[in-house]
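Student: Take this structure, written in structure tokens, and hold onto it; I'll ask about it next.
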Amino acid sequence: MSIYKEQRVGVLVDIQNLYYSAKVLYGKKVNFGAVLKETVGDRKLIRAIAYGIKTVEGLEEKFFDALVKTGYEVKTKDLQIFPGGAKKGDWDVGIAIDAVKMAQSLDAIILVSGDGDYLPLVEYIQNTTGCRVEVAAFQASTNGKLEEAADSYLDLSDERKFLLAK
């Protein structure tokens, strides 16, 4: 039984960060359902949002549908392709805005990403709202300062249940 059982939590997942970390580090895919279950525990899940990038081919639609069935709301945006072929697709600002808005009515925000760009967000929420900020990510791809700043850290590489076969 958790001492935080009455906490209202929100989970914000940077799909690209987790997907590429698992692929590069382990050659596997992420079990997003297990991540949601483990990070929330026996607390009250208010909202879980997974942020993804849509490609021109649209191959990720079935994946996004599976996330919805697992309990996530999925927000997507199109992959930006620049002249010369450079590509960009990230949700850093969108995740930050949602986190700041949600922190007002939650006891804990669970950020599922190891991206150090979120460090100012974590510190801002902790210092202005009193909301806990927890981080869950793969240790080898987690920014050390982000891990230190978090109220708690879950290393997803500790348990293989967070990974699926290729």
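The way I read the labels, and the way they are meant: chains A, B, ... in the order of the structure tokens, residue 1 as the first residue of every chain, and ligand 1 as the first ligand shown, with later ones counted on from there.
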So that I can check the secondary structure, give me every residue of chain A assigned strand (DSSP E) by backbone DSSP, as a PyMOL selection string.
Tutor: chain A and resi 8-14+29-30+44-54+73-78+80-81+87-88+108-112+132-137+152-155+163-164
Student: Could those selected residues go to a file with C-alpha atoms, as a CSV table (one decimal), in the first residue's frame?
Tutor:
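Result file is again_17.csv:
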```
chain,number,residue,atom,x,y,z
A,8,ARG,CA,-4.1,12.6,-8.1
A,9,VAL,CA,-1.5,12.1,-10.9
A,10,GLY,CA,-1.0,13.0,-14.5
A,11,VAL,CA,1.4,11.1,-16.8
A,12,LEU,CA,3.0,12.9,-19.7
A,13,VAL,CA,4.9,10.6,-22.2
A,14,ASP,CA,7.4,11.8,-24.7
A,29,LYS,CA,10.1,-1.5,-28.2
A,30,VAL,CA,8.6,0.1,-25.1
A,44,LYS,CA,-5.6,8.1,-8.9
A,45,LEU,CA,-4.8,8.6,-12.5
A,46,ILE,CA,-6.5,11.8,-13.7
A,47,ARG,CA,-5.0,12.0,-17.1
A,48,ALA,CA,-2.3,10.2,-19.2
A,49,ILE,CA,-1.1,11.9,-22.4
A,50,ALA,CA,1.3,10.4,-24.9
A,51,TYR,CA,2.8,12.9,-27.4
A,52,GLY,CA,3.7,11.5,-30.8
A,53,ILE,CA,4.8,12.6,-34.3
A,54,LYS,CA,2.9,11.6,-37.4
A,73,GLU,CA,-4.9,10.3,-24.7
A,74,VAL,CA,-2.7,10.7,-27.7
A,75,LYS,CA,-1.7,14.1,-29.1
A,76,THR,CA,0.1,14.2,-32.4
A,77,LYS,CA,1.7,16.6,-34.7
A,78,ASP,CA,3.2,16.3,-38.2
A,80,GLN,CA,8.4,18.8,-40.1
A,81,ILE,CA,10.6,18.3,-43.2
A,87,LYS,CA,13.5,16.5,-40.2
A,88,LYS,CA,12.2,17.7,-36.8
A,108,ALA,CA,2.0,14.7,-9.0
A,109,ILE,CA,3.1,15.0,-12.6
A,110,ILE,CA,5.0,12.0,-14.0
A,111,LEU,CA,7.2,13.0,-16.8
A,112,VAL,CA,8.2,10.0,-18.9
A,132,ARG,CA,5.6,16.6,-7.1
A,133,VAL,CA,7.4,15.9,-10.4
A,134,GLU,CA,8.5,12.4,-10.9
A,135,VAL,CA,10.6,11.2,-13.9
A,136,ALA,CA,10.6,7.8,-15.5
A,137,ALA,CA,13.1,6.9,-18.3
A,152,SER,CA,11.5,10.5,-7.5
A,153,TYR,CA,13.0,8.7,-10.4
A,154,LEU,CA,12.0,5.3,-11.9
A,155,ASP,CA,14.7,3.7,-14.0
A,163,LEU,CA,10.4,-3.6,-23.0
A,164,LEU,CA,8.8,-5.7,-25.7
```
Student: May I have all residues of stretch 3-136 of chain A that DSSP, computed from the backbone, assigns to helix (DSSP H, G or I), given as a PyMOL selection string?
Tutor: chain A and resi 15-26+32-40+61-70+92-103+116-129
Student: Pick from A:Ala96, A:Phe162, A:Gly84, A:Gln7: nearest to A:Cys131, with only C-alpha atoms counted?
Tutor: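 Going through A:Ala96, A:Phe162, A:Gly84, A:Gln7 one by one, the smallest distance to A:Cys131 is for A:Gln7.
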Student: Would you compute the distance between atom CA of A:Pro120 and atom CA of A:Leu146? Give it in Å to one decimal.
Tutor: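 Those two atoms sit 8.9 Å apart.
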Student: Counting only C-alpha atoms, which residue out of A:Tyr4, A:Tyr26, A:Trp91, A:Phe138 sits closest to A:Leu79?
Tutor: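 For A:Leu79, the nearest of the candidates is A:Trp91.
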Student: Counting only C-alpha atoms, figure out which residue out of A:Gln16, A:Thr39, A:Ile97, A:Pro83 gets nearest to A:Glu60.
Tutor: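 Among the listed residues, the smallest separation from A:Glu60 belongs to A:Gln16.
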Student: Report, in Å to a single decimal, how far apart atom CA of A:Val68 and atom CA of A:Gln104 are.
Tutor: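 Between these atoms lies a distance of 24.6 Å.
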Student: One decimal, in Å: what's the spacing between atom CA of A:Leu25 and atom CA of A:Thr70?
Tutor: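 Going from atom CA of A:Leu25 over to atom CA of A:Thr70, I get 24.2 Å.
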Student: Any idea what's packed within 8 Å of A:Asp115, counting only C-alpha atoms, ignoring anything in its chain fewer than 5 positions away? Could you give it as a list in words?
Tutor: Asn17, Ser141, Thr142, Asn143 and Leu146 of chain A
